[in-house]
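Here's the structure we're looking at; comments come further down.
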Amino acid sequence: MLHYGFCHLSVIPVRETPSDLSQMTTQLLFGDVFEVLDTKGNWLQIKNAFDNYIGWIDNKQQIAISIEEFNKLKNTLYTNDKSGELILNGDFYPVLPASSFPSMNSFEVGDYRFENSLSLNSFSEKNSNKIASIAKTYLNAPYLWGGKTPFGIDCSGFTQSVYKIVGIKLKRDASQQATQGKTLSFLSEAKVGDLLFFDNEEEKITHVGILLNNNKIIHASGKVRIDTVDHQGIFNEETKNYSHKLRLIKTHS
């Protein structure tokens, strides 16, 4: 029998194996829904409905929902670009940017009633013009492997979250995101908000960032930062060296 769940907390870790000691590979944000694939003790192996990413979460950090609720909630209708809070059964719950909401106002999930006063964006109204301004709200967020929030984020978690806020669905990892969108041949063709991908010595795509004006890129490397980019790659303004080699340019506009 299949089971389904809803993330009612601001952010929870998704781990590689069913253990608190296991590496965090991604996170769930408020409103994410998932299919439960397996159970082991207090752990659930889940598949996130938004990006199909699979990992393990603690059973205490979710609400079980019916298949009817899952089907209703799995398509993100609204998302937020600022942190805030909801009221859940009378208690305040913090919410982080790029969370998912089934309604602009109050809504119910299982036996829980959520009251919302956050300003939300409609996920169906794609607005690629806002990508750069949304991206800059994450400036100086510390790098965290598997992270997706302003308190810790990795390169592809950063691009996925920013694009989600403007209504564009990206996969989770940089190598997966590189398969989406339209490929551009030259940097001169790219527009603000397009995605730039970078490879390692084995020619595997391992990094992604967002193009800004004036040959600048915003990306998560140590922290979310702005550097210069050209046809070779990213030129780190602090070390005065090239840190990443440009491999691919993708547009979703």
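Simple scheme: letters A, B, ... for chains in structure tokens order, numbers from 1 for residues in each chain, numbers from 1 for ligands in the order shown.
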Need the shell around range 64-76 of chain A: protein/DNA/RNA residues with any atom at most 9 Å away, counting only C-alpha atoms. Skip same-chain ones fewer than 3 positions apart. Format as an MDAnalysis selection string? chainID A and resid 2:6 31:35 49:50 79 100:102 109:110 122:124
Please list as a ChimeraX atom specification every residue within 9 Å of His8 in chain A, counting only C-alpha atoms and excluding residues in the same chain fewer than 6 positions away. /A:29-32,61-63,88,93
Those residues with C-alpha atoms, as a short mmCIF file (atom, residue, chain, number, x, y, z; two decimals), in the first residue's frame please?
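Final output, result.cif:
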data_model
loop_
_atom_site.label_atom_id
_atom_site.label_comp_id
_atom_site.auth_asym_id
_atom_site.auth_seq_id
_atom_site.Cartn_x
_atom_site.Cartn_y
_atom_site.Cartn_z
CA LEU A 29 10.58 22.89 2.47
CA PHE A 30 7.14 23.67 3.84
CA GLY A 31 4.41 22.40 1.52
CA ASP A 32 6.47 19.76 -0.25
CA GLN A 61 8.91 15.49 10.60
CA GLN A 62 5.91 14.97 8.34
CA ILE A 63 2.13 14.67 8.21
CA LEU A 88 -0.97 26.04 12.54
CA TYR A 93 5.34 28.17 12.38
#
For Met24 in chain A, work out the shell of residues within 12 Å, counting only C-alpha atoms and skipping chain neighbours fewer than 2 positions away, then give it as a ChimeraX atom specification. /A:12-22,26-28,54-57,144-148,152-154
Save out the residues we just selected, C-alpha atoms, as a PDB file, in the first residue's frame.
ATOM      1  CA  ILE A  12      13.782  19.193   7.084  1.00  0.00           C
ATOM      2  CA  PRO A  13      16.846  17.178   6.016  1.00  0.00           C
ATOM      3  CA  VAL A  14      16.582  14.427   3.414  1.00  0.00           C
ATOM      4  CA  ARG A  15      19.371  11.908   3.970  1.00  0.00           C
ATOM      5  CA  GLU A  16      21.168   9.376   1.800  1.00  0.00           C
ATOM      6  CA  THR A  17      20.508   6.487   4.199  1.00  0.00           C
ATOM      7  CA  PRO A  18      18.092   6.028   7.172  1.00  0.00           C
ATOM      8  CA  SER A  19      20.325   7.509   9.883  1.00  0.00           C
ATOM      9  CA  ASP A  20      20.865  10.903  11.531  1.00  0.00           C
ATOM     10  CA  LEU A  21      24.567  10.346  10.834  1.00  0.00           C
ATOM     11  CA  SER A  22      23.977  10.001   7.087  1.00  0.00           C
ATOM     12  CA  THR A  26      18.661  17.685  -0.119  1.00  0.00           C
ATOM     13  CA  GLN A  27      15.921  19.253   1.982  1.00  0.00           C
ATOM     14  CA  LEU A  28      12.139  19.453   2.015  1.00  0.00           C
ATOM     15  CA  ILE A  54      14.621  10.212  -3.443  1.00  0.00           C
ATOM     16  CA  GLY A  55      16.003  10.069   0.102  1.00  0.00           C
ATOM     17  CA  TRP A  56      15.217   9.317   3.748  1.00  0.00           C
ATOM     18  CA  ILE A  57      13.404  11.511   6.288  1.00  0.00           C
ATOM     19  CA  LEU A 144      25.704  23.921   2.597  1.00  0.00           C
ATOM     20  CA  TRP A 145      25.759  20.623   0.717  1.00  0.00           C
ATOM     21  CA  GLY A 146      22.137  19.599   0.133  1.00  0.00           C
ATOM     22  CA  GLY A 147      20.796  22.953   1.366  1.00  0.00           C
ATOM     23  CA  LYS A 148      17.925  24.939  -0.163  1.00  0.00           C
ATOM     24  CA  GLY A 152      22.540  27.162   3.946  1.00  0.00           C
ATOM     25  CA  ILE A 153      22.335  26.330   0.259  1.00  0.00           C
ATOM     26  CA  ASP A 154      24.243  24.510  -2.476  1.00  0.00           C
TER      27      ASP A 154
END
Contact residues around Gln160 in chain A with only C-alpha atoms at 8 Å, ignoring same-chain residues under 6 positions, as number ranges by chain: A: 169-172
Between A:Lys240, A:His207, A:Lys130, A:Lys136, which residue has the minimum interatomic distance to Ala178 in chain A, considering only C-alpha atoms?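 Of A:Lys240, A:His207, A:Lys130, A:Lys136, the one nearest Ala178 in chain A is A:His207, counting only C-alpha atoms.
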Compile the contact shell of Leu120 in chain A as a PyMOL selection string: residues with an atom at most 12 Å away, counting only C-alpha atoms, same-chain residues fewer than 4 positions apart removed. chain A and resi 76-84+95+97-105+116+124-125+165-167
Expected file: the selected residues, N, CA and C atoms, as a PDB file, in the first residue's frame:
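The resulting again.pdb:
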ATOM      1  N   THR A  76       2.273  22.576  -7.264  1.00  0.00           N
ATOM      2  CA  THR A  76       2.437  23.839  -6.550  1.00  0.00           C
ATOM      3  C   THR A  76       1.596  24.925  -7.210  1.00  0.00           C
ATOM      4  N   LEU A  77       0.751  25.596  -6.435  1.00  0.00           N
ATOM      5  CA  LEU A  77      -0.055  26.691  -6.972  1.00  0.00           C
ATOM      6  C   LEU A  77       0.539  28.047  -6.644  1.00  0.00           C
ATOM      7  N   TYR A  78       1.100  28.160  -5.431  1.00  0.00           N
ATOM      8  CA  TYR A  78       1.662  29.436  -4.999  1.00  0.00           C
ATOM      9  C   TYR A  78       2.979  29.190  -4.269  1.00  0.00           C
ATOM     10  N   THR A  79       3.855  30.180  -4.329  1.00  0.00           N
ATOM     11  CA  THR A  79       5.114  30.097  -3.589  1.00  0.00           C
ATOM     12  C   THR A  79       5.471  31.491  -3.084  1.00  0.00           C
ATOM     13  N   ASN A  80       6.460  31.568  -2.205  1.00  0.00           N
ATOM     14  CA  ASN A  80       6.789  32.839  -1.557  1.00  0.00           C
ATOM     15  C   ASN A  80       8.241  33.214  -1.803  1.00  0.00           C
ATOM     16  N   ASP A  81       8.518  34.528  -1.825  1.00  0.00           N
ATOM     17  CA  ASP A  81       9.897  34.973  -2.023  1.00  0.00           C
ATOM     18  C   ASP A  81      10.516  35.562  -0.757  1.00  0.00           C
ATOM     19  N   LYS A  82       9.768  35.573   0.339  1.00  0.00           N
ATOM     20  CA  LYS A  82      10.289  36.098   1.604  1.00  0.00           C
ATOM     21  C   LYS A  82       9.943  35.138   2.742  1.00  0.00           C
ATOM     22  N   SER A  83      10.775  35.169   3.778  1.00  0.00           N
ATOM     23  CA  SER A  83      10.470  34.382   4.972  1.00  0.00           C
ATOM     24  C   SER A  83       9.270  34.979   5.695  1.00  0.00           C
ATOM     25  N   GLY A  84       8.593  34.157   6.467  1.00  0.00           N
ATOM     26  CA  GLY A  84       7.447  34.632   7.230  1.00  0.00           C
ATOM     27  C   GLY A  84       6.990  33.552   8.179  1.00  0.00           C
ATOM     28  N   VAL A  95       8.265  29.975   8.046  1.00  0.00           N
ATOM     29  CA  VAL A  95       8.263  29.496   6.665  1.00  0.00           C
ATOM     30  C   VAL A  95       9.372  30.220   5.911  1.00  0.00           C
ATOM     31  N   PRO A  97      11.673  31.048   2.140  1.00  0.00           N
ATOM     32  CA  PRO A  97      11.391  31.268   0.717  1.00  0.00           C
ATOM     33  C   PRO A  97      11.383  29.967  -0.083  1.00  0.00           C
ATOM     34  N   ALA A  98      10.582  29.959  -1.154  1.00  0.00           N
ATOM     35  CA  ALA A  98      10.436  28.825  -2.085  1.00  0.00           C
ATOM     36  C   ALA A  98       9.641  27.675  -1.481  1.00  0.00           C
ATOM     37  N   SER A  99       8.834  27.973  -0.464  1.00  0.00           N
ATOM     38  CA  SER A  99       7.901  26.979   0.058  1.00  0.00           C
ATOM     39  C   SER A  99       6.707  26.861  -0.894  1.00  0.00           C
ATOM     40  N   SER A 100       5.835  25.876  -0.645  1.00  0.00           N
ATOM     41  CA  SER A 100       4.698  25.621  -1.542  1.00  0.00           C
ATOM     42  C   SER A 100       3.382  25.766  -0.785  1.00  0.00           C
ATOM     43  N   PHE A 101       2.401  26.341  -1.466  1.00  0.00           N
ATOM     44  CA  PHE A 101       1.096  26.585  -0.844  1.00  0.00           C
ATOM     45  C   PHE A 101      -0.023  26.189  -1.802  1.00  0.00           C
ATOM     46  N   PRO A 102      -1.058  25.514  -1.291  1.00  0.00           N
ATOM     47  CA  PRO A 102      -2.186  25.146  -2.143  1.00  0.00           C
ATOM     48  C   PRO A 102      -3.235  26.243  -2.263  1.00  0.00           C
ATOM     49  N   SER A 103      -3.077  27.316  -1.468  1.00  0.00           N
ATOM     50  CA  SER A 103      -4.083  28.375  -1.443  1.00  0.00           C
ATOM     51  C   SER A 103      -3.422  29.683  -1.041  1.00  0.00           C
ATOM     52  N   MET A 104      -4.001  30.790  -1.474  1.00  0.00           N
ATOM     53  CA  MET A 104      -3.489  32.102  -1.081  1.00  0.00           C
ATOM     54  C   MET A 104      -3.783  32.388   0.388  1.00  0.00           C
ATOM     55  N   ASN A 105      -4.793  31.746   0.930  1.00  0.00           N
ATOM     56  CA  ASN A 105      -5.247  32.066   2.281  1.00  0.00           C
ATOM     57  C   ASN A 105      -5.158  30.846   3.195  1.00  0.00           C
ATOM     58  N   ASN A 116      -2.705  31.625   6.684  1.00  0.00           N
ATOM     59  CA  ASN A 116      -1.590  32.254   5.981  1.00  0.00           C
ATOM     60  C   ASN A 116      -1.842  33.742   5.771  1.00  0.00           C
ATOM     61  N   SER A 124       1.913  29.512 -11.625  1.00  0.00           N
ATOM     62  CA  SER A 124       1.578  29.378 -13.049  1.00  0.00           C
ATOM     63  C   SER A 124       1.963  30.613 -13.859  1.00  0.00           C
ATOM     64  N   GLU A 125       2.242  31.722 -13.187  1.00  0.00           N
ATOM     65  CA  GLU A 125       2.621  32.955 -13.885  1.00  0.00           C
ATOM     66  C   GLU A 125       4.142  33.070 -13.916  1.00  0.00           C
ATOM     67  N   ILE A 165      10.540  30.109  -7.357  1.00  0.00           N
ATOM     68  CA  ILE A 165       9.841  31.322  -6.938  1.00  0.00           C
ATOM     69  C   ILE A 165       9.253  32.068  -8.136  1.00  0.00           C
ATOM     70  N   VAL A 166       9.918  31.995  -9.289  1.00  0.00           N
ATOM     71  CA  VAL A 166       9.403  32.690 -10.478  1.00  0.00           C
ATOM     72  C   VAL A 166       8.563  31.770 -11.368  1.00  0.00           C
ATOM     73  N   GLY A 167       8.261  30.555 -10.898  1.00  0.00           N
ATOM     74  CA  GLY A 167       7.322  29.696 -11.607  1.00  0.00           C
ATOM     75  C   GLY A 167       7.921  28.731 -12.600  1.00  0.00           C
TER      76      GLY A 167
END
With only C-alpha atoms as the counted atoms, please give the residues lying no more than 12 Å from Tyr143 in chain A, apart from itself and same-chain residues fewer than 2 positions off, as a PyMOL selection string. chain A and resi 138-141+145-158+219-225
Just write the chosen residues, N, CA and C atoms, as an mmCIF file, in the first residue's frame.
data_model
loop_
_atom_site.group_PDB
_atom_site.id
_atom_site.type_symbol
_atom_site.label_atom_id
_atom_site.label_comp_id
_atom_site.auth_asym_id
_atom_site.auth_seq_id
_atom_site.Cartn_x
_atom_site.Cartn_y
_atom_site.Cartn_z
ATOM 1 N N TYR A 138 19.383 36.073 -1.879
ATOM 2 C CA TYR A 138 20.139 34.993 -1.229
ATOM 3 C C TYR A 138 21.618 35.352 -1.038
ATOM 4 N N LEU A 139 22.043 36.545 -1.435
ATOM 5 C CA LEU A 139 23.458 36.919 -1.335
ATOM 6 C C LEU A 139 24.008 36.672 0.068
ATOM 7 N N ASN A 140 25.190 36.090 0.113
ATOM 8 C CA ASN A 140 25.927 35.786 1.345
ATOM 9 C C ASN A 140 25.327 34.640 2.162
ATOM 10 N N ALA A 141 24.315 33.966 1.630
ATOM 11 C CA ALA A 141 23.854 32.733 2.284
ATOM 12 C C ALA A 141 25.003 31.735 2.274
ATOM 13 N N TRP A 145 26.069 21.748 1.600
ATOM 14 C CA TRP A 145 25.759 20.623 0.717
ATOM 15 C C TRP A 145 24.343 20.111 1.000
ATOM 16 N N GLY A 146 23.509 20.062 -0.023
ATOM 17 C CA GLY A 146 22.137 19.599 0.133
ATOM 18 C C GLY A 146 21.155 20.675 0.552
ATOM 19 N N GLY A 147 21.650 21.888 0.845
ATOM 20 C CA GLY A 147 20.796 22.953 1.366
ATOM 21 C C GLY A 147 19.972 23.662 0.304
ATOM 22 N N LYS A 148 18.827 24.238 0.755
ATOM 23 C CA LYS A 148 17.925 24.939 -0.163
ATOM 24 C C LYS A 148 17.364 26.219 0.454
ATOM 25 N N THR A 149 18.018 26.754 1.501
ATOM 26 C CA THR A 149 17.462 27.917 2.191
ATOM 27 C C THR A 149 18.513 29.017 2.336
ATOM 28 N N PRO A 150 18.081 30.241 2.699
ATOM 29 C CA PRO A 150 19.037 31.334 2.926
ATOM 30 C C PRO A 150 19.997 31.069 4.084
ATOM 31 N N PHE A 151 19.734 30.044 4.893
ATOM 32 C CA PHE A 151 20.610 29.713 6.020
ATOM 33 C C PHE A 151 21.616 28.622 5.671
ATOM 34 N N GLY A 152 21.610 28.184 4.425
ATOM 35 C CA GLY A 152 22.540 27.162 3.946
ATOM 36 C C GLY A 152 22.022 26.592 2.647
ATOM 37 N N ILE A 153 22.841 26.687 1.587
ATOM 38 C CA ILE A 153 22.335 26.330 0.259
ATOM 39 C C ILE A 153 23.484 25.856 -0.618
ATOM 40 N N ASP A 154 23.211 24.908 -1.518
ATOM 41 C CA ASP A 154 24.243 24.510 -2.476
ATOM 42 C C ASP A 154 23.915 25.109 -3.844
ATOM 43 N N CYS A 155 24.803 24.895 -4.823
ATOM 44 C CA CYS A 155 24.678 25.628 -6.089
ATOM 45 C C CYS A 155 23.374 25.316 -6.813
ATOM 46 N N SER A 156 22.994 24.046 -6.865
ATOM 47 C CA SER A 156 21.778 23.674 -7.590
ATOM 48 C C SER A 156 20.523 23.875 -6.747
ATOM 49 N N GLY A 157 20.659 23.800 -5.419
ATOM 50 C CA GLY A 157 19.545 24.149 -4.546
ATOM 51 C C GLY A 157 19.203 25.621 -4.690
ATOM 52 N N PHE A 158 20.234 26.447 -4.891
ATOM 53 C CA PHE A 158 20.062 27.885 -5.108
ATOM 54 C C PHE A 158 19.290 28.144 -6.400
ATOM 55 N N HIS A 219 26.223 32.821 -7.795
ATOM 56 C CA HIS A 219 26.312 31.370 -7.615
ATOM 57 C C HIS A 219 26.697 31.065 -6.177
ATOM 58 N N ALA A 220 26.474 29.809 -5.758
ATOM 59 C CA ALA A 220 26.812 29.381 -4.398
ATOM 60 C C ALA A 220 28.147 28.651 -4.419
ATOM 61 N N SER A 221 29.171 29.308 -3.903
ATOM 62 C CA SER A 221 30.510 28.717 -3.801
ATOM 63 C C SER A 221 31.170 29.299 -2.555
ATOM 64 N N GLY A 222 31.113 28.550 -1.450
ATOM 65 C CA GLY A 222 31.525 29.100 -0.154
ATOM 66 C C GLY A 222 30.385 29.867 0.477
ATOM 67 N N LYS A 223 29.773 30.706 -0.330
ATOM 68 C CA LYS A 223 28.555 31.439 0.012
ATOM 69 C C LYS A 223 27.923 31.845 -1.316
ATOM 70 N N VAL A 224 26.719 32.373 -1.268
ATOM 71 C CA VAL A 224 26.143 32.923 -2.495
ATOM 72 C C VAL A 224 26.848 34.244 -2.759
ATOM 73 N N ARG A 225 27.496 34.341 -3.929
ATOM 74 C CA ARG A 225 28.385 35.460 -4.225
ATOM 75 C C ARG A 225 28.237 35.858 -5.686
#
Helix (DSSP H, G or I) call set, DSSP backbone run, range 75-242 of chain A, as a PyMOL selection string: chain A and resi 128-136+155-165+174-177+187-189
Those residues you just picked out, can you put them in a file as a short mmCIF file (atom, residue, chain, number, x, y, z; two decimals), in the first residue's frame with N, CA and C atoms?
data_model
loop_
_atom_site.label_atom_id
_atom_site.label_comp_id
_atom_site.auth_asym_id
_atom_site.auth_seq_id
_atom_site.Cartn_x
_atom_site.Cartn_y
_atom_site.Cartn_z
N SER A 128 10.33 35.37 -15.69
CA SER A 128 11.79 35.24 -15.73
C SER A 128 12.49 36.57 -15.51
N ASN A 129 11.76 37.69 -15.65
CA ASN A 129 12.38 39.00 -15.41
C ASN A 129 12.76 39.20 -13.95
N LYS A 130 12.15 38.43 -13.06
CA LYS A 130 12.42 38.59 -11.63
C LYS A 130 13.56 37.71 -11.14
N ILE A 131 14.12 36.86 -12.02
CA ILE A 131 15.13 35.89 -11.57
C ILE A 131 16.30 36.57 -10.88
N ALA A 132 16.86 37.62 -11.50
CA ALA A 132 18.05 38.27 -10.94
C ALA A 132 17.75 38.90 -9.58
N SER A 133 16.63 39.59 -9.47
CA SER A 133 16.32 40.26 -8.19
C SER A 133 16.05 39.24 -7.08
N ILE A 134 15.37 38.15 -7.41
CA ILE A 134 15.14 37.09 -6.41
C ILE A 134 16.47 36.46 -6.01
N ALA A 135 17.33 36.18 -6.99
CA ALA A 135 18.63 35.56 -6.71
C ALA A 135 19.44 36.39 -5.73
N LYS A 136 19.39 37.71 -5.88
CA LYS A 136 20.20 38.59 -5.02
C LYS A 136 19.71 38.60 -3.58
N CYS A 155 24.80 24.90 -4.82
CA CYS A 155 24.68 25.63 -6.09
C CYS A 155 23.37 25.32 -6.81
N SER A 156 22.99 24.05 -6.86
CA SER A 156 21.78 23.67 -7.59
C SER A 156 20.52 23.87 -6.75
N GLY A 157 20.66 23.80 -5.42
CA GLY A 157 19.55 24.15 -4.55
C GLY A 157 19.20 25.62 -4.69
N PHE A 158 20.23 26.45 -4.89
CA PHE A 158 20.06 27.88 -5.11
C PHE A 158 19.29 28.14 -6.40
N THR A 159 19.75 27.56 -7.51
CA THR A 159 19.08 27.80 -8.78
C THR A 159 17.66 27.22 -8.78
N GLN A 160 17.50 26.03 -8.19
CA GLN A 160 16.16 25.43 -8.14
C GLN A 160 15.20 26.31 -7.35
N SER A 161 15.63 26.82 -6.21
CA SER A 161 14.76 27.64 -5.36
C SER A 161 14.40 28.96 -6.04
N VAL A 162 15.38 29.63 -6.63
CA VAL A 162 15.13 30.90 -7.31
C VAL A 162 14.16 30.70 -8.47
N TYR A 163 14.40 29.69 -9.28
CA TYR A 163 13.52 29.43 -10.42
C TYR A 163 12.12 29.01 -9.96
N LYS A 164 12.03 28.28 -8.86
CA LYS A 164 10.71 27.89 -8.34
C LYS A 164 9.89 29.13 -7.97
N ILE A 165 10.54 30.11 -7.36
CA ILE A 165 9.84 31.32 -6.94
C ILE A 165 9.25 32.07 -8.14
N ALA A 174 22.81 19.84 -10.40
CA ALA A 174 23.29 20.62 -11.55
C ALA A 174 23.32 19.79 -12.82
N SER A 175 23.78 18.54 -12.73
CA SER A 175 23.85 17.69 -13.92
C SER A 175 22.46 17.41 -14.49
N GLN A 176 21.44 17.35 -13.62
CA GLN A 176 20.07 17.15 -14.08
C GLN A 176 19.50 18.43 -14.68
N GLN A 177 19.78 19.56 -14.05
CA GLN A 177 19.29 20.84 -14.56
C GLN A 177 19.88 21.14 -15.94
N LEU A 187 28.04 32.78 -25.02
CA LEU A 187 27.68 33.60 -23.85
C LEU A 187 27.01 34.90 -24.29
N SER A 188 27.41 35.41 -25.45
CA SER A 188 26.84 36.66 -25.96
C SER A 188 25.34 36.53 -26.28
N GLU A 189 24.87 35.31 -26.46
CA GLU A 189 23.44 35.07 -26.73
C GLU A 189 22.61 35.04 -25.45
#
Taking only C-alpha atoms into account, which of A:Gln23, A:Thr137, A:Phe92, A:Thr39 comes nearest Glu115 in chain A?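 Nearest to Glu115 in chain A: A:Phe92.
Residues of range 67-101 of chain A carrying a DSSP assignment of strand (DSSP E or B), computed from the backbone, are Tyr78, Thr79, Gly84, Glu85, Leu86, Ile87, Leu88, Asp91, Phe92, Tyr93, Pro94, Val95, Ser100 and Phe101 of chain A.
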With only C-alpha atoms as the basis for distance, which of A:Ile217, A:Val36, A:Ile249, A:Leu212 is at the shortest distance from Glu237 in chain A? A:Ile217
Under the rule that only C-alpha atoms are counted, which of A:Tyr242, A:Phe107, A:Phe197, A:Phe114 is the nearest residue to Leu211 in chain A? A:Phe197
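Atom pair CA of Asp230 in chain A / CA of Lys126 in chain A: separated by 27.7 Å.
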Length of the CA of Thr239 in chain A to CA of Asn215 in chain A vector [Å]: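 Those two atoms sit 17.6 Å apart.
For the residues A:Ser10, A:Asn127, A:Asn48, A:Ser119, ranking by smallest atom-to-atom distance to His252 in chain A using only C-alpha atoms places A:Asn127 first.
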Could you check how far CA of Tyr112 in chain A sits from CA of Asn89 in chain A, in Å to one decimal?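 CA of Tyr112 in chain A sits 6.5 Å away from CA of Asn89 in chain A.
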